[in-house]
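This is my_file_39.txt (compact mmCIF, C-alpha atoms).
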```txt
# COMPACT_ATOMS: atom_id res chain seq x y z
CA MET A 1 -3.74 -3.82 -23.79
CA ARG A 2 -5.72 -6.01 -21.46
CA PRO A 3 -4.91 -5.33 -17.81
CA VAL A 4 -2.78 -7.98 -16.15
CA LEU A 5 -0.69 -8.30 -13.03
CA VAL A 6 2.60 -10.15 -13.39
CA LEU A 7 4.10 -11.41 -10.13
CA PRO A 8 7.53 -13.03 -9.98
CA GLU A 9 7.15 -16.24 -8.01
CA ALA A 10 9.40 -15.03 -5.16
CA ILE A 11 7.21 -11.95 -4.68
CA TRP A 12 4.03 -14.00 -4.90
CA LEU A 13 5.36 -16.32 -2.17
CA GLY A 14 6.51 -13.35 -0.07
CA ILE A 15 3.06 -11.77 -0.21
CA LEU A 16 1.35 -15.03 0.82
CA ALA A 17 3.82 -15.49 3.69
CA HIS A 18 3.31 -11.91 4.90
CA CYS A 19 -0.46 -12.42 4.86
CA LEU A 20 -0.21 -15.70 6.77
CA ASP A 21 2.18 -14.12 9.30
CA GLY A 22 -0.21 -11.24 9.87
CA GLN A 23 -3.02 -13.42 11.20
CA PRO A 24 -5.32 -12.94 13.03
CA HIS A 25 -5.19 -9.42 11.61
CA GLU A 26 -5.46 -8.40 8.00
CA ALA A 27 -2.01 -7.89 6.47
CA CYS A 28 -1.11 -5.35 3.80
CA GLY A 29 1.69 -4.05 1.63
CA LEU A 30 2.56 -2.15 -1.52
CA LEU A 31 3.65 -3.18 -5.01
CA ALA A 32 6.09 -1.31 -7.24
CA GLY A 33 7.17 -1.58 -10.84
CA HIS A 34 6.63 0.05 -14.19
CA PRO A 35 2.87 0.61 -14.35
CA ALA A 36 2.75 0.27 -18.14
CA ASP A 37 3.46 -3.47 -18.21
CA GLY A 38 1.80 -4.58 -14.97
CA ARG A 39 4.95 -6.36 -13.78
CA VAL A 40 5.72 -6.10 -10.10
CA LEU A 41 9.46 -5.69 -9.51
CA ARG A 42 9.50 -4.88 -5.80
CA TRP A 43 7.10 -5.40 -2.97
CA TYR A 44 6.93 -3.78 0.43
CA PRO A 45 5.33 -5.49 3.42
CA THR A 46 3.80 -2.77 5.58
CA ALA A 47 2.30 -2.70 9.03
CA ASN A 48 -1.49 -2.65 9.30
CA ALA A 49 -1.95 0.50 11.39
CA ALA A 50 -5.55 -0.54 12.05
CA ALA A 51 -4.35 -3.83 13.64
CA SER A 52 -7.71 -5.40 12.80
CA ALA A 53 -9.12 -8.61 11.36
CA ARG A 54 -11.72 -6.60 9.45
CA VAL A 55 -9.96 -3.52 8.05
CA TYR A 56 -6.49 -2.39 7.12
CA THR A 57 -4.59 0.87 6.91
CA VAL A 58 -1.14 0.89 5.35
CA GLU A 59 1.10 2.44 8.00
CA PRO A 60 1.76 5.91 6.54
CA ARG A 61 5.48 5.96 7.36
CA ASP A 62 5.93 2.55 5.73
CA HIS A 63 4.19 3.98 2.67
CA LEU A 64 6.56 6.97 2.60
CA ARG A 65 9.60 4.69 2.86
CA ALA A 66 8.29 2.42 0.10
CA ASP A 67 7.49 5.36 -2.15
CA ARG A 68 11.00 6.76 -1.73
CA ASP A 69 12.70 3.41 -2.29
CA ALA A 70 10.64 2.76 -5.42
CA GLY A 71 11.25 6.27 -6.73
CA ALA A 72 15.01 5.98 -6.16
CA ALA A 73 14.96 2.79 -8.26
CA GLY A 74 13.04 4.47 -11.05
CA LEU A 75 9.86 2.58 -10.17
CA GLN A 76 6.40 3.63 -9.06
CA ILE A 77 4.05 2.32 -6.44
CA MET A 78 1.51 0.58 -8.68
CA GLY A 79 -0.73 -1.27 -6.28
CA VAL A 80 -1.58 -2.55 -2.86
CA PHE A 81 -2.31 -5.98 -1.46
CA HIS A 82 -4.17 -6.99 1.66
CA SER A 83 -5.59 -10.13 3.14
CA HIS A 84 -9.11 -11.15 3.97
CA THR A 85 -8.86 -13.51 6.90
CA HIS A 86 -12.37 -14.97 6.73
CA THR A 87 -13.86 -13.93 3.39
CA ASP A 88 -13.16 -14.57 -0.27
CA ALA A 89 -10.52 -12.82 -2.38
CA TYR A 90 -12.93 -10.19 -3.62
CA PRO A 91 -12.88 -6.46 -2.83
CA SER A 92 -15.22 -5.35 -0.09
CA ALA A 93 -17.45 -2.29 -0.35
CA THR A 94 -14.89 -0.52 1.85
CA ASP A 95 -12.07 -1.49 -0.52
CA LEU A 96 -13.98 -0.03 -3.44
CA ALA A 97 -15.02 3.14 -1.62
CA GLN A 98 -11.53 3.88 -0.35
CA ALA A 99 -9.47 2.87 -3.40
CA PRO A 100 -6.89 5.66 -3.56
CA ASP A 101 -5.79 5.51 -7.19
CA PRO A 102 -7.73 4.28 -10.26
CA THR A 103 -4.50 3.25 -12.01
CA TRP A 104 -3.43 0.86 -9.24
CA HIS A 105 -3.73 -2.91 -9.03
CA TYR A 106 -5.66 -4.10 -5.98
CA VAL A 107 -4.60 -7.54 -4.82
CA VAL A 108 -6.71 -9.43 -2.31
CA VAL A 109 -5.43 -12.58 -0.60
CA SER A 110 -8.05 -14.80 0.98
CA LEU A 111 -7.01 -16.91 3.95
CA ARG A 112 -10.50 -18.34 4.30
CA HIS A 113 -9.47 -21.80 3.14
CA GLU A 114 -6.41 -23.88 3.87
CA THR A 115 -4.77 -22.83 0.60
CA PRO A 116 -4.49 -19.03 0.26
CA ALA A 117 -6.10 -17.52 -2.85
CA LEU A 118 -4.61 -14.41 -4.51
CA ARG A 119 -6.59 -12.38 -7.03
CA SER A 120 -6.15 -8.93 -8.51
CA TYR A 121 -8.61 -6.21 -9.48
CA ARG A 122 -8.83 -2.74 -10.92
CA LEU A 123 -11.07 -0.43 -8.91
CA ALA A 124 -12.15 2.66 -10.78
CA ASP A 125 -15.31 4.71 -11.17
CA GLY A 126 -17.01 2.66 -8.47
CA LYS A 127 -16.56 -0.56 -10.45
CA ILE A 128 -14.68 -3.77 -9.70
CA ALA A 129 -12.91 -5.46 -12.63
CA GLU A 130 -10.88 -8.60 -12.03
CA GLU A 131 -7.65 -8.96 -14.01
CA PRO A 132 -5.56 -12.06 -14.64
CA VAL A 133 -2.58 -12.73 -12.39
CA VAL A 134 0.46 -14.30 -14.01
CA VAL A 135 2.98 -15.84 -11.61
CA ASP A 136 6.27 -16.43 -13.34
CA ASP A 137 9.58 -17.81 -12.15
CA ARG A 138 11.83 -15.13 -13.61
CA MET B 1 9.78 30.80 -0.34
CA PRO B 2 9.52 27.92 -2.82
CA VAL B 3 9.26 24.42 -1.38
CA GLU B 4 9.44 21.15 -3.29
CA VAL B 5 6.19 19.18 -3.17
CA ARG B 6 6.24 15.56 -4.32
CA LEU B 7 2.97 14.36 -5.75
CA PRO B 8 1.46 10.88 -5.81
CA THR B 9 0.49 9.41 -9.17
CA VAL B 10 -3.18 10.12 -8.54
CA LEU B 11 -2.53 13.88 -8.36
CA ARG B 12 -0.03 14.17 -11.20
CA ALA B 13 -2.64 14.47 -13.95
CA ALA B 14 -3.76 17.72 -12.34
CA ALA B 15 -0.17 19.03 -12.64
CA ALA B 16 0.50 18.11 -16.27
CA GLY B 17 2.08 14.81 -15.24
CA GLN B 18 4.76 16.30 -13.00
CA ALA B 19 5.96 14.14 -10.10
CA SER B 20 7.30 17.14 -8.21
CA VAL B 21 6.35 20.82 -8.25
CA LYS B 22 7.29 23.98 -6.38
CA ALA B 23 4.85 25.82 -4.15
CA GLN B 24 5.21 28.92 -2.03
CA GLY B 25 4.64 29.15 1.70
CA ALA B 26 6.15 29.15 5.17
CA THR B 27 3.68 26.63 6.59
CA ILE B 28 2.07 23.47 5.24
CA GLY B 29 -1.25 25.30 5.08
CA GLU B 30 0.26 28.04 2.92
CA VAL B 31 2.09 25.55 0.70
CA LEU B 32 -1.06 23.50 0.12
CA GLY B 33 -3.05 26.69 -0.43
CA ASP B 34 -0.60 27.81 -3.10
CA LEU B 35 -0.52 24.32 -4.63
CA THR B 36 -4.29 24.06 -4.92
CA SER B 37 -4.52 27.61 -6.19
CA THR B 38 -2.05 26.78 -8.98
CA TYR B 39 -3.65 23.39 -9.65
CA PRO B 40 -7.32 23.77 -8.67
CA GLU B 41 -8.22 20.20 -9.68
CA MET B 42 -6.25 18.97 -6.66
CA ALA B 43 -8.17 21.01 -4.17
CA GLY B 44 -10.91 18.49 -3.40
CA GLN B 45 -8.40 15.66 -3.01
CA VAL B 46 -5.97 17.46 -0.71
CA LEU B 47 -8.11 19.70 1.46
CA ALA B 48 -11.37 18.97 3.25
CA PRO B 49 -14.40 21.27 2.79
CA ASP B 50 -13.61 22.84 6.18
CA GLY B 51 -10.13 23.79 4.98
CA GLY B 52 -8.36 21.10 6.98
CA LEU B 53 -6.33 18.25 5.61
CA HIS B 54 -8.38 15.73 3.64
CA ARG B 55 -8.72 12.50 5.61
CA PHE B 56 -7.64 10.39 2.64
CA VAL B 57 -4.22 11.97 2.21
CA ASN B 58 -1.10 11.98 4.32
CA VAL B 59 1.29 14.91 4.13
CA TYR B 60 4.88 14.72 5.28
CA VAL B 61 7.62 17.25 5.86
CA ASN B 62 10.74 15.24 5.11
CA ASP B 63 10.16 12.08 7.23
CA ASP B 64 7.42 13.38 9.49
CA ASP B 65 3.65 13.14 9.12
CA VAL B 66 2.28 16.65 9.69
CA ARG B 67 -0.64 15.21 11.67
CA TYR B 68 1.92 14.50 14.40
CA LEU B 69 3.53 17.92 14.08
CA ASP B 70 1.44 21.10 13.92
CA LYS B 71 -0.84 19.93 11.09
CA LEU B 72 -1.43 22.81 8.66
CA ASP B 73 0.56 25.15 10.91
CA THR B 74 3.70 23.04 10.54
CA LYS B 75 6.54 25.30 9.44
CA VAL B 76 8.55 24.56 6.30
CA GLY B 77 11.74 26.00 4.85
CA GLU B 78 13.16 25.91 1.37
CA ASP B 79 15.38 22.93 2.19
CA ASP B 80 12.37 20.86 3.24
CA VAL B 81 10.61 18.40 0.99
CA VAL B 82 6.86 18.05 1.31
CA SER B 83 5.43 14.71 0.20
CA ILE B 84 1.76 14.00 -0.38
CA LEU B 85 0.63 10.37 -0.45
CA PRO B 86 -2.84 8.87 -0.50
CA ALA B 87 -4.04 7.18 2.66
CA VAL B 88 -4.25 3.50 1.70
CA ALA B 89 -6.94 1.63 3.56
CA GLY B 90 -9.79 -0.77 3.07
CA GLY B 91 -11.67 -3.64 4.59
```

Turn the structure described in the file into structure tokens.
Amino acid sequence: MRPVLVLPEAIWLGILAHCLDGQPHEACGLLAGHPADGRVLRWYPTANAAASARVYTVEPRDHLRADRDAGAAGLQIMGVFHSHTHTDAYPSATDLAQAPDPTWHYVVVSLRHETPALRSYRLADGKIAEEPVVVDDR
Amino acid sequence: MPVEVRLPTVLRAAAAGQASVKAQGATIGEVLGDLTSTYPEMAGQVLAPDGGLHRFVNVYVNDDDVRYLDKLDTKVGEDDVVSILPAVAGG
């Protein structure tokens, strides 16, 4: 099956709003669902512990809380999103080098232009592979 | 004594797909030592070459990050739950 990320519209809008709210710093958060179908069912805005416009670190305690909430709902953390405040929606060398899980979806939101751009990638074996993002209204 | 250790997805393959395993020890260092002895493929992802905690993982005892407790010397009991999660960061 071709990799795909399916984002309910409400989650897609929530992610964009969290990224816009986080300016001037990069914003970040986690995605949860059933990894097999690529559909995000819950999302978790997290603090950027790095508090930086150039890098992000998901606040570890926010990650623990998200992991527990997802697990209690029978879901798994299946990806992470973060914003690029002044560059395109493409993973940086740091994103690739520090990607924690080859099965995750890596969403990058660019705030470089007036309209935010959201794209998703798989990062594994040192390679970047973009995947389609489907935003649906269910 | 056996302690429950919850594993992140990235480590589960090394434990036959299990999300949670038991490991023996009275401190985090002993628990992680037993864990990586039972599942040697995890060793390089959990512990640094100097024997300390790998910089790309976070380890918790219940709700607390062991880096803010006594690190590998943090004591654990059989009612505690140890959680390992990857550090999630980028640029």

For chain A against chain B, with a cut-off of 7 Å and counting only C-alpha atoms, what is the closest atom pair and its distance in Å to one decimal for every residue that makes the cut, ordered by chain and number, as a Markdown table?
```
| residue | atom | partner | partner_atom | distance |
| --- | --- | --- | --- | --- |
| A:Arg54 | CA | B:Gly91 | CA | 5.7 |
| A:Val55 | CA | B:Gly91 | CA | 3.9 |
| A:Tyr56 | CA | B:Ala89 | CA | 5.4 |
| A:Thr57 | CA | B:Ala89 | CA | 4.2 |
| A:Val58 | CA | B:Val88 | CA | 5.5 |
| A:Ser92 | CA | B:Gly91 | CA | 6.1 |
| A:Thr94 | CA | B:Gly90 | CA | 5.2 |
| A:Asp95 | CA | B:Gly90 | CA | 4.3 |
| A:Gln98 | CA | B:Gly90 | CA | 6.0 |
| A:Pro100 | CA | B:Pro86 | CA | 6.0 |
| A:Asp101 | CA | B:Val10 | CA | 5.5 |
```

Which residue gives the smallest distance to Ala13 of chain B among B:Val66, B:Met42, B:Met1, B:Leu35, with all atoms listed in the file counted?
B:Met42

Nearest residue to Gly51 of chain B out of B:Ser37, B:Gln24, B:Asp70, B:Gly29, using only C-alpha atoms?
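Smallest separation from Gly51 of chain B among the options: B:Gly29.
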
Taking into account all atoms listed in the file, which residue in the set B:Ala23, B:Val46, B:Leu32, B:Ala16 is nearest to Glu78 of chain B?
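Result for the nearest residue to Glu78 of chain B: B:Ala23.
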
Which residues are close to Val5 of chain B, i.e. within 7 Å by only C-alpha atoms, leaving aside same-chain residues fewer than 5 positions away? Reply as a list in words.
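Answer for this query is Ser20, Val21, Lys22, Ala23, Val81, Val82 and Ser83 of chain B.
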
May I have the residues from that selection written out with C-alpha atoms, as a PDB file, in the coordinates of the input?
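So the final result, stored in again06.pdb, reads:
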```
ATOM      1  CA  SER B  20       7.300  17.140  -8.210  1.00  0.00           C
ATOM      2  CA  VAL B  21       6.350  20.820  -8.250  1.00  0.00           C
ATOM      3  CA  LYS B  22       7.290  23.980  -6.380  1.00  0.00           C
ATOM      4  CA  ALA B  23       4.850  25.820  -4.150  1.00  0.00           C
ATOM      5  CA  VAL B  81      10.610  18.400   0.990  1.00  0.00           C
ATOM      6  CA  VAL B  82       6.860  18.050   1.310  1.00  0.00           C
ATOM      7  CA  SER B  83       5.430  14.710   0.200  1.00  0.00           C
TER       8      SER B  83
END
```

For each of B:Gly77, B:Gly33, B:Pro40, B:Gly52, take the minimum atom-to-atom distance to Ala15 of chain B, counting all atoms listed in the file, then give the residue where this is smallest.
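Nearest candidate to Ala15 of chain B out of B:Gly77, B:Gly33, B:Pro40, B:Gly52: B:Pro40.
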
State, in Å with one decimal place, the distance from atom CA of Pro35 of chain A to atom CA of Met78 of chain A.
5.8 Å
